[in-house]
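A.B. asks: This is entry-v2.cif (mmCIF, C-alpha atoms and all ligand atoms).
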data_query
#
loop_
_atom_site.label_atom_id
_atom_site.label_comp_id
_atom_site.auth_asym_id
_atom_site.auth_seq_id
_atom_site.Cartn_x
_atom_site.Cartn_y
_atom_site.Cartn_z
CA MET A 148 -24.36 13.81 -6.15
CA ASP A 149 -27.35 15.64 -4.65
CA ARG A 150 -25.47 18.10 -2.49
CA TRP A 151 -21.94 19.29 -1.89
CA ARG A 152 -20.04 17.65 0.97
CA LEU A 153 -16.68 18.61 2.39
CA PRO A 154 -14.24 16.34 0.52
CA VAL A 155 -12.10 14.08 2.69
CA ALA A 156 -8.78 12.82 1.33
CA ILE A 157 -7.30 9.55 2.58
CA THR A 158 -3.70 8.67 1.77
CA VAL A 159 -2.50 5.09 1.58
CA VAL A 160 1.17 4.26 1.02
CA ILE A 161 1.71 1.20 -1.16
CA ALA A 162 4.95 -0.48 -0.13
CA GLY A 163 6.58 -3.88 -0.28
CA GLY A 164 9.31 -5.88 -1.89
CA GLY A 165 10.63 -5.30 -5.42
CA GLY A 166 8.46 -6.84 -8.11
CA ALA A 167 5.81 -7.88 -5.58
CA GLY A 168 2.95 -6.36 -7.59
CA LYS A 169 2.60 -2.80 -6.20
CA THR A 170 2.28 -1.06 -9.57
CA THR A 171 -0.04 -3.81 -10.81
CA LEU A 172 -2.33 -3.34 -7.80
CA VAL A 173 -2.44 0.46 -8.10
CA ARG A 174 -3.24 0.17 -11.82
CA ALA A 175 -5.90 -2.48 -11.25
CA VAL A 176 -7.65 -0.52 -8.55
CA SER A 177 -7.57 2.90 -10.13
CA GLY A 178 -5.69 3.30 -13.38
CA ALA A 179 -2.36 4.70 -12.26
CA ARG A 180 -0.82 7.83 -13.62
CA PRO A 181 2.95 7.38 -13.28
CA LEU A 182 4.55 10.64 -12.23
CA ARG A 183 8.16 11.64 -11.84
CA THR A 184 9.59 13.80 -9.11
CA GLU A 185 13.13 15.03 -8.61
CA GLU A 186 15.38 13.83 -5.79
CA PRO A 187 19.06 14.47 -5.06
CA SER A 188 20.96 11.69 -6.80
CA PRO A 189 22.70 9.12 -4.56
CA GLY A 190 26.14 10.43 -5.64
CA GLY A 191 25.18 13.90 -4.46
CA ASP A 192 26.14 15.39 -7.82
CA GLY A 193 22.74 16.31 -9.17
CA TRP A 194 19.14 15.26 -9.33
CA THR A 195 17.46 12.06 -10.29
CA SER A 196 13.84 11.27 -11.13
CA VAL A 197 11.89 9.09 -8.74
CA PRO A 198 8.93 7.17 -10.12
CA VAL A 199 5.71 7.51 -8.17
CA ASP A 200 2.62 5.55 -9.08
CA VAL A 201 -0.40 7.53 -8.03
CA GLY A 202 -3.80 5.92 -7.93
CA ARG A 203 -7.07 7.43 -6.91
CA LEU A 204 -10.47 6.02 -6.11
CA THR A 205 -13.56 7.52 -4.61
CA ILE A 206 -15.86 6.12 -1.96
CA GLY A 207 -19.34 7.58 -2.15
CA ASP A 208 -19.16 11.26 -3.00
CA GLN A 209 -17.15 12.37 0.01
CA TYR A 210 -14.04 10.25 0.32
CA THR A 211 -11.12 10.16 -2.09
CA VAL A 212 -8.40 7.59 -1.49
CA TYR A 213 -4.98 8.44 -2.91
CA LEU A 214 -2.60 5.54 -3.35
CA LEU A 215 1.08 6.47 -3.36
CA ASP A 216 3.52 3.82 -4.48
CA THR A 217 6.97 5.31 -3.99
CA PRO A 218 10.44 3.84 -3.37
CA GLY A 219 11.54 3.36 0.26
CA PRO A 220 13.65 6.54 0.47
CA VAL A 221 10.52 8.60 -0.21
CA TRP A 222 8.33 6.98 2.48
CA ASP A 223 9.40 9.63 4.99
CA GLN A 224 7.86 12.28 2.76
CA VAL A 225 4.50 10.60 2.43
CA ALA A 226 4.02 8.37 5.48
CA GLY A 227 3.49 11.22 7.97
CA GLY A 228 -0.02 12.14 6.94
CA ALA A 229 -0.99 8.72 5.67
CA THR A 230 -3.99 6.87 7.02
CA GLY A 231 -2.16 3.59 6.58
CA ALA A 232 0.07 1.45 4.43
CA LEU A 233 -0.61 -1.52 2.24
CA VAL A 234 2.43 -3.78 2.29
CA VAL A 235 2.41 -5.98 -0.79
CA ALA A 236 4.31 -9.24 -0.32
CA ASP A 237 5.35 -11.53 -3.16
CA GLY A 238 3.84 -14.89 -2.13
CA ARG A 239 6.95 -16.65 -3.48
CA ARG A 240 9.30 -14.70 -1.21
CA PRO A 241 7.32 -12.76 1.41
CA GLU A 242 10.46 -11.85 3.38
CA GLY A 243 11.21 -9.28 0.63
CA CYS A 244 8.81 -6.82 2.26
CA ARG A 245 10.43 -7.02 5.69
CA PRO A 246 12.00 -3.53 5.45
CA ALA A 247 8.54 -2.07 4.78
CA VAL A 248 7.07 -3.98 7.73
CA GLU A 249 9.85 -2.77 10.03
CA TYR A 250 9.48 0.81 8.81
CA PHE A 251 5.72 1.07 9.37
CA THR A 252 5.88 -0.85 12.65
CA ALA A 253 8.48 1.61 13.99
CA ARG A 254 6.35 4.57 12.87
CA HIS A 255 3.15 3.11 14.36
CA THR A 256 1.49 3.46 10.96
CA PRO A 257 -1.42 1.00 10.64
CA PHE A 258 -0.75 -1.50 7.86
CA VAL A 259 -1.99 -4.77 6.44
CA VAL A 260 0.07 -7.30 4.52
CA ALA A 261 -1.41 -8.30 1.16
CA VAL A 262 0.18 -11.50 -0.11
CA ASN A 263 0.13 -11.37 -3.91
CA CYS A 264 -0.33 -14.97 -5.01
CA PHE A 265 1.29 -15.63 -8.37
CA GLU A 266 -0.43 -18.51 -10.15
CA GLY A 267 1.54 -21.74 -10.31
CA ALA A 268 3.49 -20.80 -7.19
CA ARG A 269 2.91 -22.36 -3.81
CA ARG A 270 0.73 -20.14 -1.63
CA PRO A 271 2.40 -19.65 1.75
CA ALA A 272 0.37 -20.31 4.88
CA GLU A 273 -0.57 -17.23 6.88
CA GLU A 274 1.55 -18.40 9.82
CA GLU A 275 4.57 -18.74 7.53
CA VAL A 276 4.16 -15.14 6.37
CA ARG A 277 3.74 -13.94 9.96
CA GLN A 278 6.92 -15.67 11.03
CA ALA A 279 8.96 -14.57 8.01
CA LEU A 280 8.01 -10.96 8.72
CA GLY A 281 7.93 -11.04 12.52
CA LEU A 282 4.40 -9.61 12.48
CA ALA A 283 2.59 -8.51 15.62
CA ALA A 284 -0.59 -10.49 16.30
CA GLY A 285 -2.97 -7.67 15.38
CA VAL A 286 -1.61 -7.07 11.88
CA PRO A 287 -4.01 -8.46 9.26
CA VAL A 288 -2.57 -10.73 6.56
CA MET A 289 -4.66 -11.32 3.44
CA ALA A 290 -4.13 -13.14 0.17
CA CYS A 291 -4.76 -11.08 -2.96
CA ASP A 292 -4.43 -11.08 -6.71
CA ALA A 293 -2.84 -7.73 -7.56
CA ARG A 294 -4.25 -7.87 -11.10
CA ARG A 295 -7.88 -7.98 -9.98
CA ARG A 296 -9.65 -4.78 -9.11
CA ALA A 297 -12.06 -6.46 -6.69
CA SER A 298 -9.19 -8.12 -4.85
CA GLY A 299 -7.18 -4.89 -4.54
CA THR A 300 -10.26 -3.00 -3.35
CA GLN A 301 -10.91 -5.67 -0.72
CA VAL A 302 -7.45 -5.32 0.84
CA LEU A 303 -7.76 -1.52 0.81
CA ILE A 304 -11.06 -1.73 2.65
CA ALA A 305 -9.49 -4.11 5.17
CA LEU A 306 -6.71 -1.56 5.70
CA LEU A 307 -9.14 1.31 6.27
CA GLU A 308 -11.15 -0.82 8.72
CA HIS A 309 -7.94 -1.77 10.51
CA ALA A 310 -6.88 1.89 10.75
CA LEU A 311 -10.32 2.90 12.05
CA ALA A 312 -10.22 0.13 14.66
CA ARG A 313 -6.75 1.27 15.74
CA ALA A 314 -7.94 4.86 16.01
CA ALA A 315 -10.82 3.73 18.22
CA THR A 316 -8.59 1.73 20.57
CA PRO A 317 -7.10 3.61 23.52
CA ALA A 318 -3.29 3.44 23.47
N1 LIG B 1 1.35 -13.82 -13.06
C1 LIG B 1 1.25 -12.76 -12.29
N2 LIG B 1 2.05 -11.74 -12.56
C2 LIG B 1 1.97 -10.64 -11.76
C3 LIG B 1 1.08 -10.57 -10.68
N3 LIG B 1 1.26 -9.38 -10.06
C4 LIG B 1 2.24 -8.76 -10.73
N4 LIG B 1 2.66 -9.51 -11.79
C5 LIG B 1 3.75 -9.21 -12.71
O1 LIG B 1 4.95 -9.16 -11.96
C6 LIG B 1 5.79 -8.12 -12.42
C7 LIG B 1 6.09 -7.14 -11.31
O2 LIG B 1 4.89 -6.49 -10.92
P1 LIG B 1 4.86 -4.93 -10.55
O3 LIG B 1 3.44 -4.59 -10.29
O4 LIG B 1 5.59 -4.13 -11.54
O5 LIG B 1 5.66 -5.00 -9.20
P2 LIG B 1 6.19 -3.77 -8.33
O6 LIG B 1 6.03 -4.17 -6.91
O7 LIG B 1 5.54 -2.51 -8.75
O8 LIG B 1 7.73 -3.78 -8.71
P3 LIG B 1 8.82 -2.60 -8.46
O9 LIG B 1 8.15 -1.30 -8.73
O10 LIG B 1 9.90 -2.93 -9.43
O11 LIG B 1 9.26 -2.78 -7.05
C8 LIG B 1 5.07 -7.47 -13.60
O12 LIG B 1 5.56 -8.04 -14.80
C9 LIG B 1 3.61 -7.86 -13.36
O13 LIG B 1 2.89 -7.93 -14.57
C10 LIG B 1 0.22 -11.70 -10.43
O14 LIG B 1 -0.60 -11.72 -9.50
N5 LIG B 1 0.35 -12.76 -11.27
MG MG B 2 6.36 -0.67 -9.35
#
Let me see whether you can do it: turn the structure in this file into structure tokens.

C.D. replies:
Amino acid sequence: MDRWRLPVAITVVIAGGGGAGKTTLVRAVSGARPLRTEEPSPGGDGWTSVPVDVGRLTIGDQYTVYLLDTPGPVWDQVAGGATGALVVADGRRPEGCRPAVEYFTARHTPFVVAVNCFEGARRPAEEEVRQALGLAAGVPVMACDARRRASGTQVLIALLEHALARAATPA
């Protein structure tokens, strides 16, 4: 680093179906530090801990990307200031991430769908995923391997490019 630059933080919400590979992707890309935060418990009789996987990677010496993998009920708390969302779909049952797709579509948060392809399982065609999730035409769908750093980084870059393109397009 030859001179100080104003740091810029980018927040990306990692969402998707249960067991789709969200934690695996955050770990692969950054080395996650699992944190716990307190939330009112569903019964309303106390507090419960909510797991949050936080990942962090830097781009050049100016940009820091924070990855927040939190359960659905916490999306409201983190989606507001987020640059975008990475929706991880389990390639064996992509429809599991439909609630995430509906949530970010309704909020107008830019997102891409990363289809985590488990080995030995049939890889769904892009059109199949689009139909199962009712995706708008402009939403990128990419295959990924959540365990591989290069693959996770590639989908994150695609998301940032998609968000930038959206920002540059008049409403
Ligand atoms: N074989 C294989 N296993 C994977 C892959 N991605 C994730 N897994 C495994 O699948 C299981 C679920 O992955 P997680 O990363 O914990 O999924 P998650 O989306 O964080 O799950 P929840 O937090 O429970 O919603 C773990 O045992 C992972 O090791 C993959 O690409 N291939
Ligand atoms: Mg997880």

A.B. asks: Got a sec: who's within 8 Å of Ala247 (chain A), counting only C-alpha atoms, leaving out chain neighbours fewer than 2 positions off, as a list in words?

C.D. replies: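 Within the cut-off, the hits are Ala162, Gly163, Gly164, Gly219, Val234, Cys244, Arg245, Glu249, Tyr250 and Phe251 of chain A.
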
A.B. asks: Please indicate the distance in Å from CA of Leu307 (chain A) to CA of Gly165 (chain A), rounded to one decimal place.

C.D. replies: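 Taking CA of Leu307 (chain A) and CA of Gly165 (chain A), their separation equals 23.9 Å.
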
A.B. asks: From the list A:Val259, A:Tyr210, A:Glu242, A:Ile161, which residue is nearest Trp222 (chain A) when using all atoms listed in the file?

C.D. replies: A:Ile161

A.B. asks: What's the 8 Å shell around Asp200 (chain A), counting only C-alpha atoms, without same-chain residues fewer than 4 positions away, as a ChimeraX atom specification?

C.D. replies: /A:170,173,179-182,214-217

A.B. asks: Out of A:Cys264, A:Ala312, A:Val302, A:Ala226, which residue has the shortest atom-to-atom distance to Val288 (chain A) when counting only C-alpha atoms?

C.D. replies: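 That would be A:Val302, the residue with the smallest distance to Val288 (chain A).
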
A.B. asks: For ligand MG 2 (chain B), which of A:Thr205, A:Thr158, A:Thr171, A:Thr211 is the closest residue, counting all atoms listed in the file?

C.D. replies: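 Once distances to ligand MG 2 (chain B) are computed over all atoms listed in the file, the minimum belongs to A:Thr171.
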
A.B. asks: With all atoms listed in the file as the basis for distance, which of A:Gly193, A:Gly231, A:Gly166, A:Gly207 is at the shortest distance from ligand MG 2 (chain B)?

C.D. replies: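 Closest candidate: A:Gly166.
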
A.B. asks: Measuring atom to atom with only C-alpha atoms and all ligand atoms, identify which of A:Ala229, A:Ala236, A:Val276, A:Leu311 is nearest to ligand LIG 1 (chain B).

C.D. replies: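 The answer is A:Ala236, which sits nearest to ligand LIG 1 (chain B).
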
A.B. asks: Taking all atoms listed in the file into account, which of A:Ala314, A:Ala293, A:Leu280, A:Ala305 comes nearest His255 (chain A)?

C.D. replies: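 So, comparing all the options, the nearest one is A:Ala314.
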
A.B. asks: Please, which residues are within 12 Å of (-10.2, -5.8, 2.1) by the file's coordinates, counting all atoms listed in the file, and could they come as a compact mmCIF listing (two decimals) with C-alpha atoms, in the coordinates of the input?

C.D. replies:
# COMPACT_ATOMS: atom_id res chain seq x y z
CA LEU A 233 -0.61 -1.52 2.24
CA PHE A 258 -0.75 -1.50 7.86
CA VAL A 259 -1.99 -4.77 6.44
CA VAL A 260 0.07 -7.30 4.52
CA ALA A 261 -1.41 -8.30 1.16
CA PRO A 287 -4.01 -8.46 9.26
CA VAL A 288 -2.57 -10.73 6.56
CA MET A 289 -4.66 -11.32 3.44
CA ALA A 290 -4.13 -13.14 0.17
CA CYS A 291 -4.76 -11.08 -2.96
CA ASP A 292 -4.43 -11.08 -6.71
CA ARG A 296 -9.65 -4.78 -9.11
CA ALA A 297 -12.06 -6.46 -6.69
CA SER A 298 -9.19 -8.12 -4.85
CA GLY A 299 -7.18 -4.89 -4.54
CA THR A 300 -10.26 -3.00 -3.35
CA GLN A 301 -10.91 -5.67 -0.72
CA VAL A 302 -7.45 -5.32 0.84
CA LEU A 303 -7.76 -1.52 0.81
CA ILE A 304 -11.06 -1.73 2.65
CA ALA A 305 -9.49 -4.11 5.17
CA LEU A 306 -6.71 -1.56 5.70
CA LEU A 307 -9.14 1.31 6.27
CA GLU A 308 -11.15 -0.82 8.72
CA HIS A 309 -7.94 -1.77 10.51

A.B. asks: So what do you get for CA of Thr195 (chain A) versus CA of Val221 (chain A), distance-wise?

C.D. replies: 12.7 Å

A.B. asks: For region 221-254 of chain A, where the input has fewer atoms than it should, I would like N, CA and C atoms rebuilt and written as a PDB file, in the frame of the given file.

C.D. replies:
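Below is the file that was written, selection_0.pdb:
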ATOM      1  N   VAL A 221      11.512   7.520  -0.166  1.00  0.00           N
ATOM      2  CA  VAL A 221      10.520   8.600  -0.210  1.00  0.00           C
ATOM      3  C   VAL A 221       9.418   8.397   0.832  1.00  0.00           C
ATOM      4  N   TRP A 222       9.407   7.241   1.509  1.00  0.00           N
ATOM      5  CA  TRP A 222       8.330   6.980   2.480  1.00  0.00           C
ATOM      6  C   TRP A 222       8.251   8.079   3.527  1.00  0.00           C
ATOM      7  N   ASP A 223       9.406   8.575   3.968  1.00  0.00           N
ATOM      8  CA  ASP A 223       9.400   9.630   4.990  1.00  0.00           C
ATOM      9  C   ASP A 223       8.561  10.824   4.556  1.00  0.00           C
ATOM     10  N   GLN A 224       8.557  11.093   3.265  1.00  0.00           N
ATOM     11  CA  GLN A 224       7.860  12.280   2.760  1.00  0.00           C
ATOM     12  C   GLN A 224       6.360  12.074   2.701  1.00  0.00           C
ATOM     13  N   VAL A 225       5.938  10.824   2.627  1.00  0.00           N
ATOM     14  CA  VAL A 225       4.500  10.600   2.430  1.00  0.00           C
ATOM     15  C   VAL A 225       3.831   9.872   3.588  1.00  0.00           C
ATOM     16  N   ALA A 226       4.627   9.214   4.449  1.00  0.00           N
ATOM     17  CA  ALA A 226       4.020   8.370   5.480  1.00  0.00           C
ATOM     18  C   ALA A 226       3.407   9.199   6.603  1.00  0.00           C
ATOM     19  N   GLY A 227       3.928  10.413   6.839  1.00  0.00           N
ATOM     20  CA  GLY A 227       3.490  11.220   7.970  1.00  0.00           C
ATOM     21  C   GLY A 227       2.000  11.426   8.022  1.00  0.00           C
ATOM     22  N   GLY A 228       1.413  11.849   6.931  1.00  0.00           N
ATOM     23  CA  GLY A 228      -0.020  12.140   6.940  1.00  0.00           C
ATOM     24  C   GLY A 228      -0.862  10.996   6.423  1.00  0.00           C
ATOM     25  N   ALA A 229      -0.245   9.832   6.271  1.00  0.00           N
ATOM     26  CA  ALA A 229      -0.990   8.720   5.670  1.00  0.00           C
ATOM     27  C   ALA A 229      -1.920   8.068   6.675  1.00  0.00           C
ATOM     28  N   THR A 230      -3.054   7.603   6.183  1.00  0.00           N
ATOM     29  CA  THR A 230      -3.990   6.870   7.020  1.00  0.00           C
ATOM     30  C   THR A 230      -3.430   5.480   7.323  1.00  0.00           C
ATOM     31  N   GLY A 231      -2.715   4.921   6.370  1.00  0.00           N
ATOM     32  CA  GLY A 231      -2.160   3.590   6.580  1.00  0.00           C
ATOM     33  C   GLY A 231      -1.310   3.178   5.403  1.00  0.00           C
ATOM     34  N   ALA A 232      -0.770   1.980   5.506  1.00  0.00           N
ATOM     35  CA  ALA A 232       0.070   1.450   4.430  1.00  0.00           C
ATOM     36  C   ALA A 232      -0.403   0.066   4.048  1.00  0.00           C
ATOM     37  N   LEU A 233      -0.325  -0.182   2.746  1.00  0.00           N
ATOM     38  CA  LEU A 233      -0.610  -1.520   2.240  1.00  0.00           C
ATOM     39  C   LEU A 233       0.740  -2.110   1.855  1.00  0.00           C
ATOM     40  N   VAL A 234       1.140  -3.140   2.583  1.00  0.00           N
ATOM     41  CA  VAL A 234       2.430  -3.780   2.290  1.00  0.00           C
ATOM     42  C   VAL A 234       2.161  -4.985   1.399  1.00  0.00           C
ATOM     43  N   VAL A 235       2.628  -4.895   0.166  1.00  0.00           N
ATOM     44  CA  VAL A 235       2.410  -5.980  -0.790  1.00  0.00           C
ATOM     45  C   VAL A 235       3.585  -6.944  -0.704  1.00  0.00           C
ATOM     46  N   ALA A 236       3.267  -8.213  -0.417  1.00  0.00           N
ATOM     47  CA  ALA A 236       4.310  -9.240  -0.320  1.00  0.00           C
ATOM     48  C   ALA A 236       4.194 -10.164  -1.524  1.00  0.00           C
ATOM     49  N   ASP A 237       5.316 -10.516  -2.093  1.00  0.00           N
ATOM     50  CA  ASP A 237       5.350 -11.530  -3.160  1.00  0.00           C
ATOM     51  C   ASP A 237       5.188 -12.882  -2.475  1.00  0.00           C
ATOM     52  N   GLY A 238       4.116 -13.615  -2.795  1.00  0.00           N
ATOM     53  CA  GLY A 238       3.840 -14.890  -2.130  1.00  0.00           C
ATOM     54  C   GLY A 238       4.976 -15.895  -2.262  1.00  0.00           C
ATOM     55  N   ARG A 239       5.840 -15.702  -3.267  1.00  0.00           N
ATOM     56  CA  ARG A 239       6.950 -16.650  -3.480  1.00  0.00           C
ATOM     57  C   ARG A 239       8.130 -16.341  -2.584  1.00  0.00           C
ATOM     58  N   ARG A 240       8.227 -15.071  -2.132  1.00  0.00           N
ATOM     59  CA  ARG A 240       9.300 -14.700  -1.210  1.00  0.00           C
ATOM     60  C   ARG A 240       8.827 -13.520  -0.351  1.00  0.00           C
ATOM     61  N   PRO A 241       7.926 -13.823   0.596  1.00  0.00           N
ATOM     62  CA  PRO A 241       7.320 -12.760   1.410  1.00  0.00           C
ATOM     63  C   PRO A 241       8.331 -11.954   2.219  1.00  0.00           C
ATOM     64  N   GLU A 242       9.487 -12.570   2.549  1.00  0.00           N
ATOM     65  CA  GLU A 242      10.460 -11.850   3.380  1.00  0.00           C
ATOM     66  C   GLU A 242      10.985 -10.584   2.690  1.00  0.00           C
ATOM     67  N   GLY A 243      10.753 -10.472   1.368  1.00  0.00           N
ATOM     68  CA  GLY A 243      11.210  -9.280   0.630  1.00  0.00           C
ATOM     69  C   GLY A 243      10.585  -7.987   1.120  1.00  0.00           C
ATOM     70  N   CYS A 244       9.444  -8.064   1.817  1.00  0.00           N
ATOM     71  CA  CYS A 244       8.810  -6.820   2.260  1.00  0.00           C
ATOM     72  C   CYS A 244       9.124  -6.515   3.715  1.00  0.00           C
ATOM     73  N   ARG A 245      10.088  -7.228   4.285  1.00  0.00           N
ATOM     74  CA  ARG A 245      10.430  -7.020   5.690  1.00  0.00           C
ATOM     75  C   ARG A 245      10.850  -5.571   6.003  1.00  0.00           C
ATOM     76  N   PRO A 246      11.655  -4.926   5.145  1.00  0.00           N
ATOM     77  CA  PRO A 246      12.000  -3.530   5.450  1.00  0.00           C
ATOM     78  C   PRO A 246      10.766  -2.635   5.562  1.00  0.00           C
ATOM     79  N   ALA A 247       9.773  -2.876   4.716  1.00  0.00           N
ATOM     80  CA  ALA A 247       8.540  -2.070   4.780  1.00  0.00           C
ATOM     81  C   ALA A 247       7.816  -2.342   6.095  1.00  0.00           C
ATOM     82  N   VAL A 248       7.741  -3.617   6.482  1.00  0.00           N
ATOM     83  CA  VAL A 248       7.070  -3.980   7.730  1.00  0.00           C
ATOM     84  C   VAL A 248       7.774  -3.317   8.916  1.00  0.00           C
ATOM     85  N   GLU A 249       9.097  -3.364   8.910  1.00  0.00           N
ATOM     86  CA  GLU A 249       9.850  -2.770  10.030  1.00  0.00           C
ATOM     87  C   GLU A 249       9.656  -1.253  10.070  1.00  0.00           C
ATOM     88  N   TYR A 250       9.639  -0.645   8.885  1.00  0.00           N
ATOM     89  CA  TYR A 250       9.480   0.810   8.810  1.00  0.00           C
ATOM     90  C   TYR A 250       8.126   1.238   9.390  1.00  0.00           C
ATOM     91  N   PHE A 251       7.044   0.619   8.929  1.00  0.00           N
ATOM     92  CA  PHE A 251       5.720   1.070   9.370  1.00  0.00           C
ATOM     93  C   PHE A 251       5.428   0.640  10.813  1.00  0.00           C
ATOM     94  N   THR A 252       6.026  -0.465  11.246  1.00  0.00           N
ATOM     95  CA  THR A 252       5.880  -0.850  12.650  1.00  0.00           C
ATOM     96  C   THR A 252       6.533   0.203  13.537  1.00  0.00           C
ATOM     97  N   ALA A 253       7.750   0.628  13.182  1.00  0.00           N
ATOM     98  CA  ALA A 253       8.480   1.610  13.990  1.00  0.00           C
ATOM     99  C   ALA A 253       7.747   2.952  14.024  1.00  0.00           C
ATOM    100  N   ARG A 254       7.059   3.286  12.944  1.00  0.00           N
ATOM    101  CA  ARG A 254       6.350   4.570  12.870  1.00  0.00           C
ATOM    102  C   ARG A 254       4.952   4.508  13.465  1.00  0.00           C
TER     103      ARG A 254
END
